[in-house]
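Trainee: Input structure: data_33.tsv, which contains TSV, C-alpha atoms.
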chain	number	residue	atom	x	y	z
E	7	MET	CA	-22.45	-0.85	7.30
E	8	GLY	CA	-21.35	1.14	4.29
E	9	LEU	CA	-19.62	0.85	0.93
E	10	LYS	CA	-16.75	-1.66	1.12
E	11	LEU	CA	-13.95	-0.80	-1.27
E	12	PHE	CA	-13.00	-4.45	-1.74
E	13	LYS	CA	-15.13	-7.57	-1.63
E	14	GLU	CA	-12.08	-9.57	-0.50
E	15	SER	CA	-10.95	-9.15	3.12
E	16	ASN	CA	-7.23	-9.78	2.52
E	17	VAL	CA	-6.51	-6.92	0.11
E	18	LYS	CA	-3.70	-4.54	1.06
E	19	PRO	CA	-4.96	-1.17	-0.23
E	20	HIS	CA	-2.77	1.66	-1.48
E	21	TYR	CA	-4.36	5.04	-0.75
E	22	PHE	CA	-3.25	7.60	-3.31
E	23	ILE	CA	-4.04	10.90	-1.57
E	24	VAL	CA	-3.97	14.38	-3.09
E	25	GLN	CA	-4.82	17.22	-0.70
E	26	VAL	CA	-5.60	20.66	-2.13
E	27	GLY	CA	-5.28	23.46	0.43
E	28	ALA	CA	-2.96	23.78	3.43
E	29	GLY	CA	-4.41	26.70	5.37
E	30	ALA	CA	-6.96	26.95	8.16
E	31	ASN	CA	-8.65	23.59	7.53
E	32	GLY	CA	-5.79	21.93	5.70
E	33	SER	CA	-2.98	22.48	8.20
E	34	HIS	CA	-4.99	20.92	11.03
E	35	PHE	CA	-6.09	18.08	8.75
E	36	ILE	CA	-2.61	17.10	7.53
E	37	ARG	CA	-1.15	17.03	11.02
E	38	SER	CA	-3.82	14.60	12.22
E	39	LEU	CA	-3.63	12.55	9.01
E	40	CYS	CA	0.10	12.04	9.46
E	41	GLN	CA	-0.48	10.99	13.05
E	42	ASP	CA	-3.21	8.55	11.97
E	43	ILE	CA	-0.99	6.97	9.32
E	44	ALA	CA	1.88	6.66	11.79
E	45	THR	CA	-0.41	5.02	14.32
E	46	TYR	CA	-1.57	2.40	11.84
E	47	GLY	CA	2.00	1.73	10.80
E	48	VAL	CA	2.89	0.89	14.39
E	49	GLN	CA	-0.26	-1.04	15.26
E	50	HIS	CA	-0.89	-2.99	12.11
E	51	THR	CA	-0.58	-6.36	13.88
E	52	PHE	CA	-3.20	-5.56	16.55
E	53	SER	CA	-6.15	-7.93	16.34
E	54	TYR	CA	-8.83	-5.23	16.44
E	55	HIS	CA	-7.96	-4.14	12.89
E	56	GLN	CA	-10.36	-5.74	10.47
E	57	VAL	CA	-7.98	-5.42	7.51
E	58	GLY	CA	-4.25	-5.71	6.98
E	59	PRO	CA	-1.85	-2.75	6.81
E	60	PHE	CA	-2.15	-0.30	3.94
E	61	GLU	CA	0.24	1.62	1.73
E	62	TYR	CA	-0.06	5.25	0.74
E	63	THR	CA	1.20	7.99	-1.54
E	64	MET	CA	0.43	11.59	-0.60
E	65	TYR	CA	0.72	15.03	-2.16
E	66	VAL	CA	-0.27	18.31	-0.50
E	67	CYS	CA	-0.78	21.27	-2.84
E	68	ASP	CA	-0.94	25.00	-2.08
E	69	ALA	CA	1.07	28.00	-3.31
E	70	ASP	CA	0.26	30.18	-0.28
E	71	GLU	CA	3.16	31.40	1.81
E	72	VAL	CA	2.93	31.67	5.58
E	73	GLU	CA	2.06	35.19	6.77
E	74	LYS	CA	2.04	36.52	10.31
E	75	LYS	CA	-1.76	36.72	10.25
E	76	ASN	CA	-1.83	32.91	9.81
E	77	LEU	CA	-0.03	32.15	13.07
E	78	LYS	CA	-3.10	32.34	15.32
E	79	ASN	CA	-5.40	29.92	13.51
E	80	GLN	CA	-3.08	27.74	11.42
E	81	LEU	CA	-0.34	25.36	12.48
E	82	PHE	CA	2.66	27.55	11.73
E	83	ASP	CA	5.14	29.53	13.81
E	84	GLU	CA	7.38	32.56	13.37
E	85	GLU	CA	10.14	30.54	11.70
E	86	ASP	CA	7.72	29.56	8.93
E	87	VAL	CA	6.82	33.12	7.86
E	88	GLY	CA	7.76	33.55	4.20
E	89	SER	CA	7.92	29.81	3.55
E	90	PHE	CA	5.43	27.89	1.47
E	91	LYS	CA	2.79	26.42	3.76
E	92	VAL	CA	3.11	22.97	2.22
E	93	ASP	CA	6.88	22.92	2.74
E	94	ALA	CA	6.58	24.05	6.36
E	95	LEU	CA	3.97	21.36	7.10
E	96	ARG	CA	6.03	18.66	5.40
E	97	GLU	CA	9.20	19.59	7.27
E	98	ARG	CA	7.40	19.60	10.61
E	99	TYR	CA	4.89	16.75	10.51
E	100	SER	CA	6.36	14.41	7.92
E	101	GLU	CA	9.57	14.29	9.94
E	102	HIS	CA	7.89	14.22	13.37
E	103	TYR	CA	5.62	11.28	12.53
E	104	ASN	CA	8.02	9.66	10.04
E	105	VAL	CA	5.27	9.79	7.41
E	106	PRO	CA	6.81	10.99	4.14
E	107	PHE	CA	4.68	13.02	1.75
E	108	SER	CA	5.36	15.37	-1.14
E	109	SER	CA	4.70	19.09	-0.89
E	110	VAL	CA	3.60	20.82	-4.11
E	111	PRO	CA	3.89	24.63	-3.75
E	112	GLN	CA	1.48	25.37	-6.59
E	113	TYR	CA	-2.20	26.20	-6.96
E	114	VAL	CA	-4.26	23.61	-8.82
E	115	THR	CA	-6.08	25.60	-11.49
E	116	ASP	CA	-6.63	23.17	-14.37
E	117	LEU	CA	-7.56	19.57	-15.06
E	118	GLU	CA	-4.16	18.74	-16.52
E	119	PHE	CA	-2.51	19.40	-13.16
E	120	PHE	CA	-4.91	16.99	-11.45
E	121	GLN	CA	-4.12	14.38	-14.08
E	122	LYS	CA	-0.41	14.87	-13.50
E	123	LEU	CA	-0.86	14.48	-9.74
E	124	PHE	CA	-3.01	11.35	-10.05
E	125	THR	CA	-0.44	9.39	-12.08
E	126	PHE	CA	-0.27	5.72	-11.19
E	127	PRO	CA	-0.78	2.32	-12.89
E	128	LYS	CA	-4.51	2.27	-13.63
E	129	GLU	CA	-4.50	-1.52	-13.88
E	130	ASN	CA	-3.55	-1.79	-10.19
E	131	LYS	CA	-6.94	-2.14	-8.54
E	132	ARG	CA	-5.45	-1.95	-5.05
E	133	ILE	CA	-4.85	1.77	-5.57
E	134	ILE	CA	-7.62	3.94	-4.12
E	135	PRO	CA	-7.43	7.57	-5.36
E	136	VAL	CA	-8.55	10.07	-2.71
E	137	LEU	CA	-8.96	13.79	-3.40
E	138	ILE	CA	-9.11	15.99	-0.29
E	139	GLY	CA	-10.52	19.51	-0.73
E	140	MET	CA	-9.42	21.88	2.04
E	141	VAL	CA	-10.09	25.12	0.16
E	142	ASP	CA	-11.92	28.36	0.95
E	143	ASN	CA	-13.22	29.20	-2.54
E	144	ASN	CA	-15.86	27.74	-4.82
E	145	ARG	CA	-13.77	28.11	-7.98
E	146	SER	CA	-11.48	25.35	-6.75
E	147	ARG	CA	-14.53	23.26	-5.85
E	148	GLN	CA	-15.91	23.77	-9.34
E	149	LEU	CA	-12.67	22.45	-10.80
E	150	MET	CA	-12.62	19.48	-8.44
E	151	ASP	CA	-16.22	18.70	-9.40
E	152	GLU	CA	-15.21	18.80	-13.07
E	153	PHE	CA	-12.29	16.46	-12.38
E	154	PHE	CA	-14.50	14.11	-10.37
E	155	HIS	CA	-16.98	13.80	-13.25
E	156	SER	CA	-14.30	13.52	-15.95
E	157	ASN	CA	-13.31	10.21	-17.51
E	158	TYR	CA	-9.72	10.38	-16.28
E	159	LEU	CA	-10.37	8.16	-13.23
E	160	ASP	CA	-13.04	5.47	-13.06
E	161	ASP	CA	-12.76	5.31	-9.26
E	162	LEU	CA	-12.39	8.33	-6.97
E	163	ILE	CA	-13.18	9.35	-3.41
E	164	TYR	CA	-13.53	13.13	-3.04
E	165	ILE	CA	-13.78	14.55	0.50
E	166	ASP	CA	-14.52	18.27	0.81
E	167	ALA	CA	-14.47	20.38	3.98
E	168	GLY	CA	-16.27	23.72	4.04
E	169	VAL	CA	-16.91	26.21	6.83
E	170	GLU	CA	-19.23	29.17	7.24
E	171	GLY	CA	-17.59	32.56	6.91
E	172	VAL	CA	-17.76	35.03	9.77
E	173	TYR	CA	-20.51	37.61	9.20
E	174	VAL	CA	-19.13	40.87	7.86
E	175	VAL	CA	-21.06	44.07	7.06
E	176	PRO	CA	-19.68	45.49	3.78
E	177	GLY	CA	-18.24	48.97	4.14
E	178	LYS	CA	-18.23	48.93	7.94
E	179	GLU	CA	-15.55	48.35	10.50
E	180	GLU	CA	-16.56	46.16	13.41
E	181	ARG	CA	-16.69	49.12	15.81
E	182	GLN	CA	-19.35	50.66	13.54
E	183	TYR	CA	-21.70	47.68	13.75
E	184	SER	CA	-25.15	48.09	15.23
E	185	GLN	CA	-26.06	45.93	18.22
E	186	LEU	CA	-27.97	43.56	15.94
E	187	GLU	CA	-25.05	43.32	13.53
E	188	LYS	CA	-22.67	42.63	16.41
E	189	GLN	CA	-24.96	39.88	17.66
E	190	ILE	CA	-25.20	38.28	14.22
E	191	ALA	CA	-21.43	38.45	13.79
E	192	ALA	CA	-20.80	36.98	17.23
E	193	ASN	CA	-22.96	33.95	16.43
E	194	SER	CA	-21.64	33.37	12.92
E	195	GLY	CA	-18.71	31.34	11.65
E	196	PHE	CA	-19.37	28.19	13.66
E	197	SER	CA	-21.04	25.90	11.15
E	198	GLY	CA	-19.76	23.84	8.27
E	199	GLN	CA	-20.05	20.58	6.40
E	200	ILE	CA	-18.01	17.65	5.15
E	201	VAL	CA	-19.21	15.91	1.98
E	202	VAL	CA	-17.90	12.62	0.59
E	203	GLY	CA	-18.24	12.03	-3.14
E	204	TYR	CA	-17.56	8.55	-4.48
E	205	LYS	CA	-17.61	6.93	-7.89
E	206	ARG	CA	-16.76	3.34	-8.79
E	207	ASN	CA	-16.28	2.03	-12.30
E	208	GLY	CA	-17.40	5.42	-13.57
E	209	GLN	CA	-20.72	5.26	-11.72
E	210	VAL	CA	-21.42	7.95	-9.12
E	211	PHE	CA	-22.80	6.47	-5.89
E	212	LEU	CA	-22.28	9.48	-3.64
E	213	PRO	CA	-22.61	12.91	-5.32
E	214	PRO	CA	-19.80	15.32	-4.39
E	215	VAL	CA	-20.22	18.64	-2.61
E	216	GLY	CA	-21.02	20.64	-5.75
E	217	ARG	CA	-24.05	18.44	-6.43
E	218	VAL	CA	-25.22	18.51	-2.81
E	219	PHE	CA	-24.91	22.32	-2.55
E	220	GLU	CA	-25.62	23.36	-6.13
E	221	ASP	CA	-24.97	27.06	-5.49
E	222	ILE	CA	-21.27	26.13	-5.46
E	223	LEU	CA	-21.38	25.38	-9.18
E	224	THR	CA	-23.37	28.51	-10.06
E	225	ASP	CA	-21.12	30.88	-8.10
E	226	GLU	CA	-19.72	33.27	-10.70
E	227	GLU	CA	-18.04	35.66	-8.27
E	228	THR	CA	-15.58	33.10	-6.93
E	229	ALA	CA	-11.91	32.97	-7.95
E	230	PHE	CA	-8.96	30.66	-7.56
E	231	PRO	CA	-6.75	31.07	-4.47
E	232	GLY	CA	-4.90	34.23	-3.69
E	233	GLN	CA	-6.99	35.56	-0.82
E	234	SER	CA	-6.69	34.08	2.65
E	235	CYS	CA	-9.48	33.45	5.11
E	236	GLY	CA	-7.07	34.30	7.93
E	237	GLU	CA	-8.15	37.93	8.31
E	238	ALA	CA	-11.58	36.85	9.52
E	239	ILE	CA	-9.96	34.94	12.37
E	240	ILE	CA	-8.25	37.98	13.82
E	241	ASN	CA	-11.49	39.62	14.93
E	242	ASN	CA	-13.51	36.49	15.54
E	243	PRO	CA	-11.32	33.65	16.79
E	244	GLN	CA	-14.25	31.26	17.18
E	245	ARG	CA	-13.77	30.31	13.56
E	246	CYS	CA	-10.48	28.64	14.42
E	247	ALA	CA	-12.52	26.12	16.42
E	248	THR	CA	-14.68	25.60	13.35
E	249	ASN	CA	-11.61	24.87	11.20
E	250	LYS	CA	-10.38	22.32	13.71
E	251	PHE	CA	-13.82	20.71	13.95
E	252	ALA	CA	-14.01	20.40	10.15
E	253	ALA	CA	-10.53	18.90	9.98
E	254	GLN	CA	-11.30	16.38	12.71
E	255	ILE	CA	-14.47	15.12	11.03
E	256	ALA	CA	-12.61	14.74	7.73
E	257	ASN	CA	-9.89	12.85	9.60
E	258	ASN	CA	-12.49	10.54	11.10
E	259	ILE	CA	-13.74	9.69	7.62
E	260	MET	CA	-10.17	8.92	6.52
E	261	ASN	CA	-9.64	6.84	9.65
E	262	THR	CA	-12.65	4.68	8.72
E	263	LEU	CA	-11.11	4.12	5.30
E	264	PHE	CA	-7.85	3.04	6.93
E	265	HIS	CA	-9.57	0.89	9.55
E	266	THR	CA	-12.18	-0.96	7.50
E	267	ASN	CA	-11.74	0.13	3.84
E	268	GLU	CA	-15.27	1.45	4.02
E	269	ILE	CA	-17.32	4.59	3.37
E	270	GLY	CA	-20.25	4.88	5.75
E	271	ILE	CA	-20.93	8.62	5.66
E	272	HIS	CA	-22.08	10.77	2.74
E	273	ALA	CA	-22.16	14.12	4.52
E	274	VAL	CA	-21.84	15.71	7.96
E	275	ASP	CA	-23.29	19.08	8.97
E	276	PHE	CA	-21.75	20.44	12.15
E	277	ASN	CA	-21.73	23.41	14.49
E	278	ALA	CA	-18.63	24.02	16.58
E	279	LYS	CA	-20.44	26.31	19.03
E	280	MET	CA	-23.02	23.64	19.82
E	281	CYS	CA	-20.42	20.84	19.74
E	282	GLY	CA	-22.77	18.94	17.48
E	283	ALA	CA	-22.63	17.02	14.21
E	284	ASN	CA	-25.44	15.59	12.09
E	285	PRO	CA	-24.26	12.81	9.75
E	286	THR	CA	-26.07	11.57	6.65
E	287	TYR	CA	-25.30	7.88	6.34
E	288	VAL	CA	-25.05	5.97	3.09
E	289	SER	CA	-28.57	4.73	2.42
E	290	LYS	CA	-29.45	1.04	2.21
E	291	ASP	CA	-30.64	1.53	-1.38
E	292	ILE	CA	-27.23	2.86	-2.40
E	293	GLN	CA	-25.54	0.03	-0.51
E	294	ARG	CA	-27.60	-2.57	-2.39
E	295	GLU	CA	-26.90	-0.94	-5.76
E	296	TYR	CA	-23.21	-0.70	-4.98
E	297	ASN	CA	-22.90	-4.27	-3.69
E	298	ALA	CA	-24.55	-5.57	-6.85
E	299	LEU	CA	-21.87	-3.78	-8.89
E	300	ILE	CA	-18.81	-4.98	-7.01
E	301	GLN	CA	-20.06	-8.58	-6.85
E	302	LYS	CA	-20.03	-8.84	-10.63
Written as structure tokens, how would this file's structure read?
Mentor:
Amino acid sequence: MGLKLFKESNVKPHYFIVQVGAGANGSHFIRSLCQDIATYGVQHTFSYHQVGPFEYTMYVCDADEVEKKNLKNQLFDEEDVGSFKVDALRERYSEHYNVPFSSVPQYVTDLEFFQKLFTFPKENKRIIPVLIGMVDNNRSRQLMDEFFHSNYLDDLIYIDAGVEGVYVVPGKEERQYSQLEKQIAANSGFSGQIVVGYKRNGQVFLPPVGRVFEDILTDEETAFPGQSCGEAIINNPQRCATNKFAAQIANNIMNTLFHTNEIGIHAVDFNAKMCGANPTYVSKDIQREYNALIQK
């Protein structure tokens, strides 16, 4: 049981999805999301679906270009080097799964750009805006938190994926590490979290990632994109598994939206090395408060 997006069971939702970031987490996420959408398009008459088929609009935003260092941990190949990541992903997976989406080869660095992306008839209550954060910097998360709490949208689902960085000793090359430092580095980079923020009619029921991990909002050393996390993968490939784990959990949350129009999870902490995940479910108190609102 969770937060049902509609009190009626016969509503055909339109998911308006904006994904920010198409790198280590984002490339794995968009491939699986396209596959999920294609699967529902084929199987929408199967009786085990609790709701009817859905519609969608999707944008994927990132100004990064594919570099050779990205080929090991992100879903690109040699032919993509020099291309925008979003264009390469669209050409490959949109066409393969017959799931059209728009690639936006730009960084999102201000609220006006978010407002431009989330342009749709506000009076259409079937439209469910979904913001997907697949970024590796807190400055982008700060902006997404600001957009989430702005008055531009009364309703918004904001899913953020974050992974632990591989341990690095400043000023040292890996061959210069002490035995303890090598051990710490070898065991780092496996953990991460997915956080679902949700507001309805302007009321926040599930705080987004910046309010769950408040150090995100106080991080003054962070900057907008321009630096890739790919270099960490070269020396410690375990992190690629962490990226894929993060993407899969985020996909599972989207799949629940598609399957039942429902949010049942607020956050998931995970560790790829231990193959484990610890979900925080939506509490019964929040469910009662939410149900009282949508029944009005």
Trainee: Using all atoms listed in the file, which residues of segment 10-123 of chain E come within 10 Å of segment 291-302 of chain E, and what is the closest atom pair for each, with the distance in Å to one decimal? Give it as CSV, sorted by chain and residue number.
Mentor:
residue,atom,partner,partner_atom,distance
E:Lys10,CA,E:Asn297,CA,8.2
E:Leu11,CA,E:Ile300,CA,8.6
E:Phe12,CA,E:Ile300,CA,7.9
E:Lys13,CA,E:Ile300,CA,7.0
Trainee: Would you give me, as a tab-separated table, each residue of segment 184-265 of chain E having an atom within 9 Å of an atom of segment 134-151 of chain E, along with its shortest atom pair and that distance in Å to one decimal, using only C-alpha atoms and sorting by chain and residue number?
Mentor:
residue	atom	partner	partner_atom	distance
E:Pro214	CA	E:Asp151	CA	7.0
E:Val215	CA	E:Asp151	CA	7.9
E:Gly216	CA	E:Asp151	CA	6.3
E:Arg217	CA	E:Asp151	CA	8.4
E:Ile222	CA	E:Asn144	CA	5.7
E:Leu223	CA	E:Gln148	CA	5.7
E:Thr224	CA	E:Gln148	CA	8.9
E:Asp225	CA	E:Asn144	CA	6.9
E:Glu226	CA	E:Arg145	CA	8.3
E:Glu227	CA	E:Arg145	CA	8.7
E:Thr228	CA	E:Arg145	CA	5.4
E:Ala229	CA	E:Arg145	CA	5.2
E:Phe230	CA	E:Arg145	CA	5.5
E:Pro231	CA	E:Asn143	CA	7.0
E:Gln233	CA	E:Asp142	CA	8.9
E:Ser234	CA	E:Asp142	CA	7.9
E:Cys235	CA	E:Asp142	CA	7.0
E:Ala253	CA	E:Met140	CA	8.6
E:Ala256	CA	E:Ile138	CA	8.8
Trainee: Which of these residues is nearest to Leu159 of chain E, using all atoms listed in the file: E:Gly208, E:Val172, E:Lys178, E:Phe22?
Mentor: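 Closest to Leu159 of chain E of all the choices is E:Gly208.
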Trainee: Rounded to one decimal in Å, what is the spacing between atom CA of Thr45 of chain E and atom CA of Val17 of chain E?
Mentor: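 Computing the Euclidean distance for atom CA of Thr45 of chain E and atom CA of Val17 of chain E yields 19.5 Å.
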Trainee: Write out as a ChimeraX atom specification each polymer residue whose atoms come within 7 Å of segment 76-87 of chain E, counting all atoms listed in the file; drop sequence neighbours fewer than 3 positions from it.
Mentor: /E:29-30,33-34,72-73,94,236,239,246
Trainee: Write a file of the just-selected residues containing C-alpha atoms, as a CSV table (one decimal), in the frame of the given file.
Mentor:
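And here is the file that came out, part-v2.csv:
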chain,number,residue,atom,x,y,z
E,29,GLY,CA,-4.4,26.7,5.4
E,30,ALA,CA,-7.0,27.0,8.2
E,33,SER,CA,-3.0,22.5,8.2
E,34,HIS,CA,-5.0,20.9,11.0
E,72,VAL,CA,2.9,31.7,5.6
E,73,GLU,CA,2.1,35.2,6.8
E,94,ALA,CA,6.6,24.0,6.4
E,236,GLY,CA,-7.1,34.3,7.9
E,239,ILE,CA,-10.0,34.9,12.4
E,246,CYS,CA,-10.5,28.6,14.4
Trainee: Using all atoms listed in the file for the distances, tell me which of E:Lys74, E:Lys91, E:Lys128, E:Arg37 is nearest to Asn104 of chain E.
Mentor: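 Once distances to Asn104 of chain E are computed over all atoms listed in the file, the minimum belongs to E:Arg37.
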Trainee: Which one is closest to Ala247 of chain E: E:His265, E:Arg132, E:His272, E:Lys279? Count only C-alpha atoms.
Mentor: E:Lys279
Trainee: E:Ala191, E:Val105, E:Leu186, E:Val24: which is nearest Ile43 of chain E, counting all atoms listed in the file?
Mentor: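 Of E:Ala191, E:Val105, E:Leu186, E:Val24, the one nearest Ile43 of chain E is E:Val105, counting all atoms listed in the file.
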Trainee: For Leu162 of chain E, which residue out of E:Asn284, E:Gln199, E:Ser109, E:Asn207 is the nearest one, using all atoms listed in the file?
Mentor: E:Asn207
Trainee: Identify the residues within 10 Å of coordinate (-23.3, 29.4, 15.4) (same frame as the file), considering all atoms listed in the file, and give the answer as an MDAnalysis selection string.
Mentor: chainID E and resid 170 172 190:198 244:245 248 276:280
Trainee: Ranking E:Ile259, E:Cys67, E:Leu9, E:Leu39 by minimum distance to Val26 of chain E and counting only C-alpha atoms, which one comes first?
Mentor: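 When distances to Val26 of chain E are compared using only C-alpha atoms, the smallest one comes from E:Cys67.
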Trainee: What gap, in Å, lies between atom CA of Lys188 of chain E and atom CA of Cys281 of chain E?
Mentor: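 Between atom CA of Lys188 of chain E and atom CA of Cys281 of chain E the gap works out to 22.2 Å.
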Trainee: Would you mind listing what lies within 9 Å of Gln41 of chain E as a list in words, with only C-alpha atoms counted and same-chain residues fewer than 5 positions away left out?
Mentor: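 Returned residues: Ile36, Tyr46, Tyr99, His102, Tyr103 and Val105 of chain E.
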Trainee: Rounded to one decimal place, report the atom CA of Gln121 of chain E-atom CA of Val92 of chain E distance in Å.
Mentor: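 We find that atom CA of Gln121 of chain E and atom CA of Val92 of chain E lie 19.8 Å from each other.
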Trainee: Please return, as an MDAnalysis selection string, all polymer residues that have at least one atom within 8 Å of the point (2.1, 31.5, -1.1); use all atoms listed in the file and the file's own coordinate frame.
Mentor: chainID E and resid 68:72 89:91 111 232
Trainee: I'd like the contact shell of segment 204-206 of chain E - 8 Å cut-off, all atoms listed in the file, skipping same-chain residues fewer than 5 positions apart - returned as a list in words.
Mentor: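 Counting only the stated atoms, we get Asp160, Asp161, Leu162, Ile163, Tyr164, Phe211, Leu212, Pro213 and Pro214 of chain E.
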